[in-house]
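Q: Supplied structure: query-v6.txt, compact mmCIF, C-alpha atoms.
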```
# COMPACT_ATOMS: atom_id res chain seq x y z
CA MET A 1 94.00 65.02 104.57
CA SER A 2 93.91 62.28 101.97
CA ASP A 3 92.00 62.95 98.83
CA ASN A 4 91.61 59.40 97.59
CA ASN A 5 87.84 59.26 97.50
CA GLY A 6 87.72 61.65 94.58
CA LEU A 7 86.03 64.50 96.41
CA SER A 8 88.07 66.31 99.03
CA ARG A 9 86.44 67.56 102.18
CA ARG A 10 87.17 71.12 101.12
CA GLY A 11 85.72 70.54 97.69
CA PHE A 12 82.62 69.01 99.24
CA LEU A 13 82.21 71.94 101.60
CA ALA A 14 82.70 74.44 98.79
CA THR A 15 80.09 72.67 96.67
CA SER A 16 77.57 72.53 99.49
CA ALA A 17 78.27 76.15 100.44
CA ALA A 18 77.70 77.20 96.85
CA ALA A 19 74.48 75.17 96.72
CA LEU A 20 73.35 76.73 99.99
CA ALA A 21 74.31 80.19 98.81
CA GLY A 22 72.12 79.64 95.77
CA LEU A 23 69.11 79.61 98.06
CA THR A 24 67.62 83.02 97.51
CA LEU A 25 65.37 84.46 100.16
CA ALA A 26 64.35 87.40 98.02
CA PRO A 27 65.83 88.89 94.88
CA GLY A 28 69.30 90.09 95.79
CA ILE A 29 69.27 88.59 99.27
CA ARG A 30 71.05 85.33 99.72
CA LEU A 31 71.17 83.06 102.72
CA VAL A 32 74.95 82.81 102.56
CA GLU A 33 77.22 84.94 100.44
CA ILE A 34 79.44 82.91 98.16
CA ALA A 35 82.99 83.31 99.41
CA ALA A 36 84.54 83.09 95.99
CA ALA A 37 86.67 85.45 93.91
CA LYS A 38 84.83 88.69 93.34
CA PRO A 39 83.89 89.49 89.76
CA ASP A 40 86.38 91.80 88.04
CA ALA A 41 83.81 94.56 87.63
CA GLU A 42 82.88 94.60 91.30
CA GLY A 43 84.59 96.79 93.87
CA VAL A 44 85.99 95.62 97.19
CA THR A 45 83.80 95.89 100.27
CA SER A 46 84.42 96.21 103.98
CA LYS A 47 82.62 92.90 104.50
CA VAL A 48 86.02 91.36 103.91
CA ARG A 49 89.15 92.16 105.89
CA TRP A 50 92.20 90.50 104.49
CA GLY A 51 94.75 89.40 107.00
CA MET A 52 97.66 87.10 107.58
CA LEU A 53 98.75 84.84 110.37
CA ILE A 54 102.43 83.97 110.68
CA ASP A 55 103.37 80.97 112.77
CA THR A 56 106.88 81.75 114.00
CA THR A 57 107.28 78.22 115.35
CA ARG A 58 107.18 76.95 111.78
CA CYS A 59 109.19 79.72 110.17
CA GLN A 60 112.70 78.45 109.49
CA SER A 61 115.73 80.57 110.26
CA GLY A 62 117.78 81.04 107.11
CA CYS A 63 114.86 80.37 104.77
CA THR A 64 114.08 83.41 102.62
CA ASP A 65 111.60 81.85 100.20
CA CYS A 66 108.91 84.42 101.07
CA VAL A 67 111.32 87.27 100.42
CA SER A 68 112.47 85.95 97.06
CA ALA A 69 108.92 85.07 95.98
CA CYS A 70 107.87 88.64 96.81
CA GLY A 71 110.78 90.03 94.83
CA LYS A 72 109.95 87.89 91.83
CA GLU A 73 106.22 88.55 91.91
CA ASN A 74 106.53 92.28 92.31
CA GLY A 75 109.63 92.82 90.19
CA LEU A 76 111.79 94.01 93.09
CA GLY A 77 114.83 91.95 92.24
CA GLU A 78 117.59 90.94 94.58
CA VAL A 79 118.31 93.10 97.60
CA THR A 80 122.00 93.88 97.22
CA ARG A 81 122.00 97.26 98.97
CA PRO A 82 119.72 96.86 101.99
CA ARG A 83 119.91 100.53 102.94
CA THR A 84 118.37 101.73 99.69
CA ASP A 85 116.84 98.76 97.81
CA ALA A 86 113.09 98.31 98.15
CA GLN A 87 112.16 95.64 100.67
CA TRP A 88 108.50 94.80 100.96
CA ILE A 89 109.17 91.86 103.25
CA ARG A 90 112.21 91.14 105.41
CA LYS A 91 113.29 88.15 107.44
CA ILE A 92 114.16 88.95 111.03
CA ASP A 93 115.98 86.70 113.48
CA LEU A 94 115.31 87.34 117.16
CA LYS A 95 117.10 85.93 120.15
CA ASP A 96 116.31 86.19 123.81
CA LEU A 97 119.79 86.81 125.20
CA LYS A 98 118.86 85.53 128.64
CA THR A 99 117.42 82.19 127.60
CA GLY A 100 119.00 81.77 124.18
CA HIS A 101 115.58 81.13 122.64
CA ALA A 102 115.75 82.16 118.98
CA LEU A 103 113.04 82.63 116.43
CA SER A 104 112.75 83.82 112.88
CA LEU A 105 109.89 85.70 111.29
CA PRO A 106 109.01 87.71 108.19
CA MET A 107 108.12 91.35 108.78
CA MET A 108 106.20 93.41 106.28
CA CYS A 109 103.37 95.96 106.10
CA GLN A 110 100.98 94.97 108.89
CA HIS A 111 97.96 96.42 107.05
CA CYS A 112 96.73 98.34 110.08
CA ALA A 113 93.08 99.24 110.48
CA ASN A 114 94.31 102.62 111.75
CA PRO A 115 97.40 103.14 109.62
CA PRO A 116 99.77 105.94 110.68
CA CYS A 117 101.08 106.16 107.11
CA VAL A 118 97.62 107.21 105.96
CA ASP A 119 97.33 109.76 108.76
CA VAL A 120 100.52 111.57 107.79
CA CYS A 121 100.25 111.44 104.00
CA PRO A 122 99.91 115.04 102.74
CA THR A 123 98.41 114.10 99.35
CA GLY A 124 96.12 111.20 100.18
CA ALA A 125 98.33 108.83 98.22
CA SER A 126 98.70 106.47 101.17
CA PHE A 127 95.29 104.94 101.70
CA LYS A 128 93.44 101.94 103.04
CA ARG A 129 91.14 100.00 100.79
CA ALA A 130 87.72 98.96 102.02
CA ASP A 131 88.98 95.40 102.48
CA GLY A 132 91.78 96.55 104.79
CA ILE A 133 94.72 96.49 102.39
CA VAL A 134 96.94 99.54 102.84
CA LEU A 135 98.37 100.82 99.57
CA VAL A 136 100.22 103.74 97.99
CA ASP A 137 98.61 105.43 95.01
CA ARG A 138 101.72 106.26 93.02
CA HIS A 139 99.75 108.64 90.84
CA THR A 140 99.46 111.03 93.77
CA CYS A 141 102.56 110.08 95.79
CA ILE A 142 105.08 112.93 95.77
CA GLY A 143 107.82 110.88 97.42
CA CYS A 144 107.99 112.96 100.61
CA ARG A 145 108.58 109.82 102.71
CA TYR A 146 106.54 110.99 105.71
CA CYS A 147 104.87 107.57 105.72
CA MET A 148 108.23 105.86 105.98
CA MET A 149 108.93 107.85 109.11
CA ALA A 150 105.47 107.25 110.55
CA CYS A 151 105.46 103.48 110.05
CA PRO A 152 106.48 101.66 113.23
CA TYR A 153 107.31 98.50 111.25
CA LYS A 154 109.79 99.95 108.73
CA ALA A 155 107.51 98.52 106.08
CA ARG A 156 107.82 101.16 103.39
CA SER A 157 110.63 101.75 100.91
CA PHE A 158 111.48 104.60 98.60
CA VAL A 159 112.36 103.86 94.99
CA HIS A 160 115.58 105.71 94.25
CA GLU A 161 116.27 104.57 90.73
CA PRO A 162 114.31 104.28 87.47
CA HIS A 163 112.94 100.84 86.60
CA THR A 164 112.01 99.24 83.31
CA ASP A 165 111.39 95.61 84.19
CA GLN A 166 108.10 95.88 86.06
CA ASN A 167 105.54 93.16 86.19
CA PRO A 168 102.61 94.55 84.13
CA GLU A 169 100.35 93.93 87.12
CA VAL A 170 102.65 95.74 89.54
CA PRO A 171 103.59 99.19 88.26
CA ARG A 172 106.40 100.83 90.20
CA GLY A 173 108.89 103.54 89.49
CA GLN A 174 111.36 106.10 90.69
CA GLY A 175 110.34 108.77 93.16
CA CYS A 176 107.52 106.98 94.95
CA VAL A 177 107.18 105.18 98.24
CA GLU A 178 105.95 101.62 98.16
CA GLY A 179 105.35 98.66 100.40
CA CYS A 180 103.70 95.26 100.64
CA THR A 181 100.40 95.29 98.75
CA LEU A 182 99.39 91.88 100.07
CA CYS A 183 99.70 90.98 96.36
CA VAL A 184 96.50 92.89 95.75
CA HIS A 185 96.49 92.00 92.04
CA ARG A 186 96.36 88.31 92.94
CA VAL A 187 93.93 88.73 95.84
CA ASP A 188 91.47 90.61 93.62
CA ARG A 189 91.39 87.59 91.33
CA GLY A 190 90.91 85.09 94.12
CA GLY A 191 94.57 84.26 94.69
CA THR A 192 96.85 84.40 97.70
CA PRO A 193 99.98 86.51 98.23
CA ALA A 194 103.14 85.16 96.62
CA CYS A 195 104.94 84.83 99.97
CA VAL A 196 102.19 82.62 101.39
CA GLU A 197 102.28 80.43 98.32
CA ALA A 198 106.08 80.16 98.46
CA CYS A 199 106.03 79.26 102.16
CA ALA A 200 103.49 76.51 101.50
CA SER A 201 105.41 75.12 98.55
CA ALA A 202 108.58 75.06 100.67
CA GLY A 203 106.60 72.84 103.03
CA HIS A 204 106.80 75.19 106.01
CA ASN A 205 103.21 76.44 105.98
CA ALA A 206 104.14 79.21 108.37
CA MET A 207 101.96 81.80 106.64
CA MET A 208 98.22 81.78 106.37
CA PHE A 209 96.14 84.25 104.39
CA GLY A 210 92.43 84.83 104.66
CA ASP A 211 89.43 86.90 105.60
CA LEU A 212 89.49 88.01 109.25
CA ASN A 213 85.85 89.10 109.08
CA ASN A 214 84.57 85.69 108.07
CA PRO A 215 84.29 83.49 111.19
CA GLU A 216 84.30 80.39 108.97
CA SER A 217 87.65 81.16 107.33
CA GLU A 218 90.66 79.05 108.22
CA ILE A 219 92.54 82.06 109.57
CA SER A 220 89.67 83.18 111.82
CA LYS A 221 89.33 79.70 113.28
CA ARG A 222 93.03 79.53 113.97
CA ILE A 223 93.10 82.96 115.59
CA SER A 224 90.22 82.05 117.87
CA ALA A 225 91.90 78.77 118.83
CA VAL A 226 95.45 79.86 119.63
CA LYS A 227 97.07 82.90 121.18
CA THR A 228 98.29 85.28 118.53
CA THR A 229 100.09 88.58 118.93
CA GLN A 230 100.04 91.92 117.19
CA VAL A 231 103.48 93.48 117.06
CA ARG A 232 103.47 96.72 119.07
CA ALA A 233 99.86 96.15 120.11
CA ASP A 234 100.31 99.10 122.47
CA LEU A 235 99.99 101.42 119.48
CA LYS A 236 96.41 100.20 119.02
CA LEU A 237 96.69 100.07 115.25
CA ASP A 238 94.59 96.90 114.92
CA LEU A 239 96.88 94.99 112.64
CA GLY A 240 95.87 92.74 109.78
CA VAL A 241 99.02 90.63 110.21
CA ARG A 242 99.27 88.55 113.37
CA TYR A 243 102.05 86.41 114.77
CA GLU A 244 101.86 83.13 116.60
CA GLY A 245 104.58 82.05 119.01
CA ILE A 246 106.21 85.37 119.85
CA MET B 247 105.13 149.10 18.64
CA VAL B 248 107.40 147.79 21.36
CA ALA B 249 105.05 144.88 21.99
CA ARG B 250 105.06 143.97 18.35
CA MET B 251 108.85 144.02 18.31
CA ILE B 252 109.03 141.70 21.33
CA VAL B 253 106.53 139.30 19.85
CA GLY B 254 108.46 139.37 16.61
CA ALA B 255 111.73 138.68 18.44
CA ALA B 256 110.13 135.90 20.39
CA SER B 257 108.71 134.27 17.32
CA ALA B 258 112.07 134.69 15.58
CA ALA B 259 113.86 133.12 18.56
CA HIS B 260 111.26 130.43 18.92
CA GLY B 261 113.24 127.84 17.06
CA ARG B 262 116.36 128.35 19.21
CA LEU B 263 114.66 128.71 22.58
CA LYS B 264 112.46 125.63 22.33
CA PRO B 265 114.97 123.09 23.77
CA ALA B 266 115.92 125.50 26.57
CA LEU B 267 112.29 126.06 27.52
CA ARG B 268 111.62 122.37 27.50
CA LEU B 269 114.59 121.88 29.83
CA LEU B 270 113.33 124.61 32.12
CA ALA B 271 109.90 123.06 32.25
CA ALA B 272 111.36 119.67 33.03
CA VAL B 273 113.46 121.11 35.87
CA ALA B 274 110.44 122.97 37.25
CA LEU B 275 108.31 119.83 37.15
CA ALA B 276 111.02 117.76 38.81
CA GLY B 277 111.30 120.40 41.52
CA LEU B 278 107.56 120.36 42.07
CA ALA B 279 107.57 116.59 42.22
CA SER B 280 110.38 116.51 44.78
CA PHE B 281 108.57 119.19 46.81
CA ALA B 282 105.45 117.03 46.82
CA ALA B 283 107.49 114.04 47.96
CA ALA B 284 109.01 116.08 50.77
CA GLU B 285 105.55 117.13 51.99
CA PRO B 286 105.12 114.51 54.80
CA GLY B 287 108.60 115.25 56.11
CA ARG B 288 107.92 118.96 56.23
CA THR B 289 104.81 118.55 58.37
CA PRO B 290 105.31 115.42 60.43
CA LYS B 291 102.35 113.13 60.95
CA PRO B 292 102.06 110.64 63.79
CA LEU B 293 102.58 107.04 62.83
CA ILE B 294 99.37 105.30 63.81
CA ALA B 295 100.03 101.64 63.16
CA ILE B 296 97.06 99.50 64.08
CA GLU B 297 98.67 96.11 64.53
CA LYS B 298 95.46 94.26 65.22
CA PRO B 299 92.71 95.79 63.10
CA GLY B 300 89.28 95.44 64.58
CA GLN B 301 86.94 97.20 66.92
CA CYS B 302 88.49 99.19 69.75
CA VAL B 303 86.64 99.37 73.07
CA GLU B 304 85.12 102.73 72.03
CA PRO B 305 84.60 104.44 68.65
CA THR B 306 87.75 105.97 67.18
CA ASP B 307 86.69 109.59 67.69
CA VAL B 308 85.90 108.92 71.35
CA MET B 309 89.24 107.19 71.85
CA ARG B 310 91.13 110.01 70.14
CA ARG B 311 89.56 112.69 72.27
CA ASP B 312 88.86 110.96 75.56
CA HIS B 313 91.25 108.03 76.01
CA MET B 314 93.01 109.86 78.83
CA LYS B 315 89.75 110.36 80.71
CA LEU B 316 88.81 106.71 80.32
CA LEU B 317 92.25 105.63 81.50
CA GLN B 318 92.23 107.96 84.47
CA HIS B 319 88.75 106.87 85.51
CA GLN B 320 89.72 103.21 85.30
CA ARG B 321 92.98 103.91 87.11
CA ASP B 322 91.18 105.28 90.16
CA LYS B 323 88.63 102.47 90.07
CA THR B 324 91.36 99.84 89.98
CA MET B 325 93.62 101.52 92.49
CA ARG B 326 91.03 102.50 95.09
CA GLU B 327 88.24 99.98 94.60
CA GLY B 328 90.00 96.97 93.16
CA ILE B 329 87.84 96.94 90.02
CA ARG B 330 89.90 95.09 87.46
CA SER B 331 87.42 94.88 84.60
CA LYS B 332 88.98 94.79 81.19
CA PRO B 333 87.61 97.29 78.65
CA HIS B 334 89.43 100.44 79.78
CA SER B 335 92.40 98.93 81.55
CA LEU B 336 95.84 100.12 80.50
CA ASN B 337 97.13 96.57 80.25
CA GLU B 338 94.40 95.74 77.74
CA CYS B 339 95.36 98.77 75.62
CA ILE B 340 98.96 97.58 75.65
CA ALA B 341 98.01 93.99 74.84
CA CYS B 342 96.31 95.14 71.63
CA HIS B 343 98.42 98.11 70.58
CA ALA B 344 101.98 96.95 71.25
CA SER B 345 104.12 96.99 68.11
CA ARG B 346 104.87 93.59 66.60
CA LYS B 347 108.38 94.76 65.85
CA THR B 348 109.40 96.08 69.25
CA GLY B 349 106.70 94.47 71.38
CA SER B 350 106.07 97.82 73.01
CA VAL B 351 103.77 100.85 72.81
CA ILE B 352 106.68 103.25 73.29
CA GLY B 353 109.69 104.00 71.12
CA ALA B 354 109.68 106.16 67.98
CA GLU B 355 107.13 103.93 66.26
CA GLY B 356 105.21 102.96 69.37
CA PHE B 357 101.46 103.47 69.22
CA CYS B 358 101.40 105.75 72.26
CA GLN B 359 104.66 107.60 71.84
CA SER B 360 104.48 108.46 68.13
CA CYS B 361 101.22 110.31 68.63
CA HIS B 362 102.26 111.92 71.90
CA ASP B 363 105.51 113.14 70.34
CA TYR B 364 103.44 114.67 67.55
CA ALA B 365 101.08 116.36 69.98
CA ALA B 366 103.97 117.33 72.30
CA VAL B 367 102.21 115.81 75.30
CA LYS B 368 104.59 114.20 77.77
CA LEU B 369 103.82 110.60 78.63
CA ASP B 370 104.80 109.61 82.15
CA CYS B 371 102.77 106.39 82.38
CA TRP B 372 105.88 104.43 81.46
CA ASP B 373 107.93 105.68 84.39
CA CYS B 374 106.05 103.05 86.38
CA HIS B 375 103.92 100.95 84.01
CA GLN B 376 105.30 98.19 81.82
CA PRO B 377 104.91 99.15 78.14
CA LYS B 378 105.24 95.57 76.94
CA PRO B 379 102.45 93.02 77.23
CA GLY B 380 102.87 89.46 78.42
CA GLN B 381 104.62 88.45 81.61
CA LYS B 382 101.33 87.80 83.38
CA ALA B 383 101.50 87.27 87.10
CA ALA B 384 100.68 83.74 88.16
CA THR B 385 97.61 83.55 90.34
CA GLY B 386 97.53 81.18 93.24
CA VAL B 387 94.44 79.46 94.55
CA ARG B 388 93.14 80.63 97.85
CA PRO B 389 92.51 77.88 100.40
```
Is it possible to express this structure as structure tokens?

A:
Amino acid sequence: MSDNNGLSRRGFLATSAAALAGLTLAPGIRLVEIAAAKPDAEGVTSKVRWGMLIDTTRCQSGCTDCVSACGKENGLGEVTRPRTDAQWIRKIDLKDLKTGHALSLPMMCQHCANPPCVDVCPTGASFKRADGIVLVDRHTCIGCRYCMMACPYKARSFVHEPHTDQNPEVPRGQGCVEGCTLCVHRVDRGGTPACVEACASAGHNAMMFGDLNNPESEISKRISAVKTTQVRADLKLDLGVRYEGI
Amino acid sequence: MVARMIVGAASAAHGRLKPALRLLAAVALAGLASFAAAEPGRTPKPLIAIEKPGQCVEPTDVMRRDHMKLLQHQRDKTMREGIRSKPHSLNECIACHASRKTGSVIGAEGFCQSCHDYAAVKLDCWDCHQPKPGQKAATGVRP
């Protein structure tokens, strides 16, 4: 993927897509929707479904760059007391005892299409956005922790102590349940989750983020090309996060 | 008769009483002056320090009465629909109204807290939200 001719392939494609999208069939109807960052004043739609693909063959055992990037981005800090500290993403090492085959993978909120945490929430605080991101509305969360019990992936944490060092974009505080937001504040502005960025900058490229509904997206192409797995697919939750190589 | 006697006595004593009266008047005036100075302390007023004078996102009377409605409306829009437009976002309020001294909208002289203390309305925004501006999250570029 050399970029020595001044215009990268991706840049060229983006330019031509934008030019093509400019073709208007009728007022308000475009041939191709521009797949760019949505304007700030526009709401999310179900045309997009954000998802992630994790390639466990590339994920390095012992590397916790995704975990520390998540902690930094969302103001979680170091996990010194794993039983009570908030963990939005965890590294898990698995080993097949019979064959000795070991693999490492990050586990976080799987952003289910049918999320059990939403089903059990008594106040409606746990909800799924139109674009498939599962969130907790802390304004209505009463901290009952039903969602923590309902989640098959142990993806939610309860905040036990008061906090004062939040990232302005990521409000969080005592008495609420929280979990991976897929870095929704970055995604809404056209960015990618912090963990994905950290994995790429570490050179592992084990995490891929994108729109599962768009057949032209990198993640959709990859998913159609290789076998990927949903963890606990038997629960039929239709996960947004998929794993390759498990 | 009695009145005439009193007037007579008063006029007779006039020469002696004059310095005393003057002193009394001075004390009374000083007392009045100190009472006037103590007026703001007696009925506390909120400290509304506008650090960056200019036009707020809505007229002042609307903001005074309805800022909580605007904030709550925007909160649900942002939370549920991902609408992150600026005018009524809490972070934009903080960016403009944070004190230059403390860098925050809370604390005794904070824009939010001084008024809320005065009105005895509990503020729980800051249990979760960051009352200091800055520290913007870096945004990556999506492939």

Q: Got a sec to check which residues sit within 8 Å of (101.7, 87.6, 114.8), counting only C-alpha atoms, and write them as a list in words?

A: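 Returned residue set, sorted by chain then number, is Leu53, Ile54, Asp55, Thr56, Thr228, Thr229, Gln230, Val231, Val241, Arg242, Tyr243, Glu244, Gly245 and Ile246 of chain A.
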
Q: For chain B, which residue out of A:Asp65, A:Asp131, A:Asp119, A:Asp96 is the nearest one, using only C-alpha atoms?

A: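 Nearest candidate to chain B out of A:Asp65, A:Asp131, A:Asp119, A:Asp96: A:Asp131.
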
Q: Given a cut-off of 6 Å, which residues of chain A touch chain B, counting only C-alpha atoms, written out as number ranges by chain?

A: A: 40-44, 166, 168, 171-173, 186, 191-192

Q: Go through A:Ser104, A:Ser217, A:Ser157, A:Gln60 and flag the residue nearest Cys180 (chain A), using only C-alpha atoms for the distances.

A: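 Using only C-alpha atoms, the shortest distance to Cys180 (chain A) belongs to A:Ser157.
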
Q: Would you list the residues near (90.0, 85.4, 99.9) (no more than 6 Å away, in the coordinates of the file, using all atoms listed in the file) as a PyMOL selection string?

A: chain A and resi 190+210-211

Q: Interatomic distance between CA of Cys63 (chain A) and CA of Gln87 (chain A)?

A: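 One can read the CA of Cys63 (chain A) to CA of Gln87 (chain A) distance as 16.0 Å.
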
Q: What is the distance between CA of Met108 (chain A) and CA of Ile89 (chain A), in Å to one decimal?

A: 4.5 Å

Q: One decimal, in Å: what's the spacing between CA of His319 (chain B) and CA of Ser345 (chain B)?

A: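 Atom-to-atom, CA of His319 (chain B) and CA of Ser345 (chain B) are spaced 25.2 Å apart.
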
Q: With distances taken over all atoms listed in the file, which residue among B:Ala341, B:Ser350, B:Ala295, B:Ser335 lies nearest Thr164 (chain A)?

A: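 Closest to Thr164 (chain A) of all the choices is B:Ser350.
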
Q: List the spatial neighbours of region 136-144 of chain A as a PyMOL selection string - criterion: any atom at most 8 Å away, all atoms listed in the file, same-chain residues fewer than 6 positions off excluded.

A: (chain A and resi 123-127+158+172+175-179) or (chain B and resi 325)

Q: Please rebuild region 318-343 of chain B with N, CA and C atoms and return the result as an mmCIF file, in the frame of the given file.

A:
```cif
data_model
loop_
_atom_site.group_PDB
_atom_site.id
_atom_site.type_symbol
_atom_site.label_atom_id
_atom_site.label_comp_id
_atom_site.auth_asym_id
_atom_site.auth_seq_id
_atom_site.Cartn_x
_atom_site.Cartn_y
_atom_site.Cartn_z
ATOM 1 N N GLN B 318 92.126 107.411 83.125
ATOM 2 C CA GLN B 318 92.230 107.960 84.470
ATOM 3 C C GLN B 318 91.089 107.469 85.356
ATOM 4 N N HIS B 319 89.913 107.365 84.763
ATOM 5 C CA HIS B 319 88.750 106.870 85.510
ATOM 6 C C HIS B 319 88.991 105.427 85.941
ATOM 7 N N GLN B 320 89.466 104.626 85.003
ATOM 8 C CA GLN B 320 89.720 103.210 85.300
ATOM 9 C C GLN B 320 90.846 103.066 86.311
ATOM 10 N N ARG B 321 91.832 103.941 86.212
ATOM 11 C CA ARG B 321 92.980 103.910 87.110
ATOM 12 C C ARG B 321 92.514 104.069 88.555
ATOM 13 N N ASP B 322 91.651 105.058 88.797
ATOM 14 C CA ASP B 322 91.180 105.280 90.160
ATOM 15 C C ASP B 322 90.291 104.148 90.627
ATOM 16 N N LYS B 323 89.494 103.604 89.718
ATOM 17 C CA LYS B 323 88.630 102.470 90.070
ATOM 18 C C LYS B 323 89.482 101.275 90.485
ATOM 19 N N THR B 324 90.521 101.003 89.704
ATOM 20 C CA THR B 324 91.360 99.840 89.980
ATOM 21 C C THR B 324 92.156 100.036 91.254
ATOM 22 N N MET B 325 92.749 101.233 91.352
ATOM 23 C CA MET B 325 93.620 101.520 92.490
ATOM 24 C C MET B 325 92.836 101.525 93.798
ATOM 25 N N ARG B 326 91.749 102.257 93.826
ATOM 26 C CA ARG B 326 91.030 102.500 95.090
ATOM 27 C C ARG B 326 90.002 101.436 95.389
ATOM 28 N N GLU B 327 89.355 100.890 94.352
ATOM 29 C CA GLU B 327 88.240 99.980 94.600
ATOM 30 C C GLU B 327 88.512 98.546 94.158
ATOM 31 N N GLY B 328 89.664 98.326 93.562
ATOM 32 C CA GLY B 328 90.000 96.970 93.160
ATOM 33 C C GLY B 328 89.184 96.452 91.985
ATOM 34 N N ILE B 329 88.625 97.371 91.188
ATOM 35 C CA ILE B 329 87.840 96.940 90.020
ATOM 36 C C ILE B 329 88.825 96.695 88.871
ATOM 37 N N ARG B 330 88.915 95.454 88.481
ATOM 38 C CA ARG B 330 89.900 95.090 87.460
ATOM 39 C C ARG B 330 89.224 94.629 86.182
ATOM 40 N N SER B 331 88.115 95.264 85.827
ATOM 41 C CA SER B 331 87.420 94.880 84.600
ATOM 42 C C SER B 331 88.252 95.327 83.403
ATOM 43 N N LYS B 332 88.024 94.662 82.277
ATOM 44 C CA LYS B 332 88.980 94.790 81.190
ATOM 45 C C LYS B 332 88.852 96.016 80.286
ATOM 46 N N PRO B 333 87.656 96.402 79.815
ATOM 47 C CA PRO B 333 87.610 97.290 78.650
ATOM 48 C C PRO B 333 88.561 98.476 78.688
ATOM 49 N N HIS B 334 88.624 99.216 79.794
ATOM 50 C CA HIS B 334 89.430 100.440 79.780
ATOM 51 C C HIS B 334 90.724 100.298 80.565
ATOM 52 N N SER B 335 91.179 99.087 80.776
ATOM 53 C CA SER B 335 92.400 98.930 81.550
ATOM 54 C C SER B 335 93.621 99.163 80.666
ATOM 55 N N LEU B 336 94.625 99.785 81.252
ATOM 56 C CA LEU B 336 95.840 100.120 80.500
ATOM 57 C C LEU B 336 96.498 98.868 79.931
ATOM 58 N N ASN B 337 96.493 97.795 80.721
ATOM 59 C CA ASN B 337 97.130 96.570 80.250
ATOM 60 C C ASN B 337 96.430 96.002 79.016
ATOM 61 N N GLU B 338 95.119 96.214 78.924
ATOM 62 C CA GLU B 338 94.400 95.740 77.740
ATOM 63 C C GLU B 338 94.754 96.584 76.523
ATOM 64 N N CYS B 339 94.916 97.894 76.727
ATOM 65 C CA CYS B 339 95.360 98.770 75.620
ATOM 66 C C CYS B 339 96.699 98.268 75.087
ATOM 67 N N ILE B 340 97.607 97.988 76.028
ATOM 68 C CA ILE B 340 98.960 97.580 75.650
ATOM 69 C C ILE B 340 98.909 96.242 74.913
ATOM 70 N N ALA B 341 98.086 95.330 75.431
ATOM 71 C CA ALA B 341 98.010 93.990 74.840
ATOM 72 C C ALA B 341 97.636 94.080 73.364
ATOM 73 N N CYS B 342 96.776 95.036 73.013
ATOM 74 C CA CYS B 342 96.310 95.140 71.630
ATOM 75 C C CYS B 342 97.215 96.037 70.784
ATOM 76 N N HIS B 343 97.754 97.083 71.373
ATOM 77 C CA HIS B 343 98.420 98.110 70.580
ATOM 78 C C HIS B 343 99.940 98.019 70.552
#
```
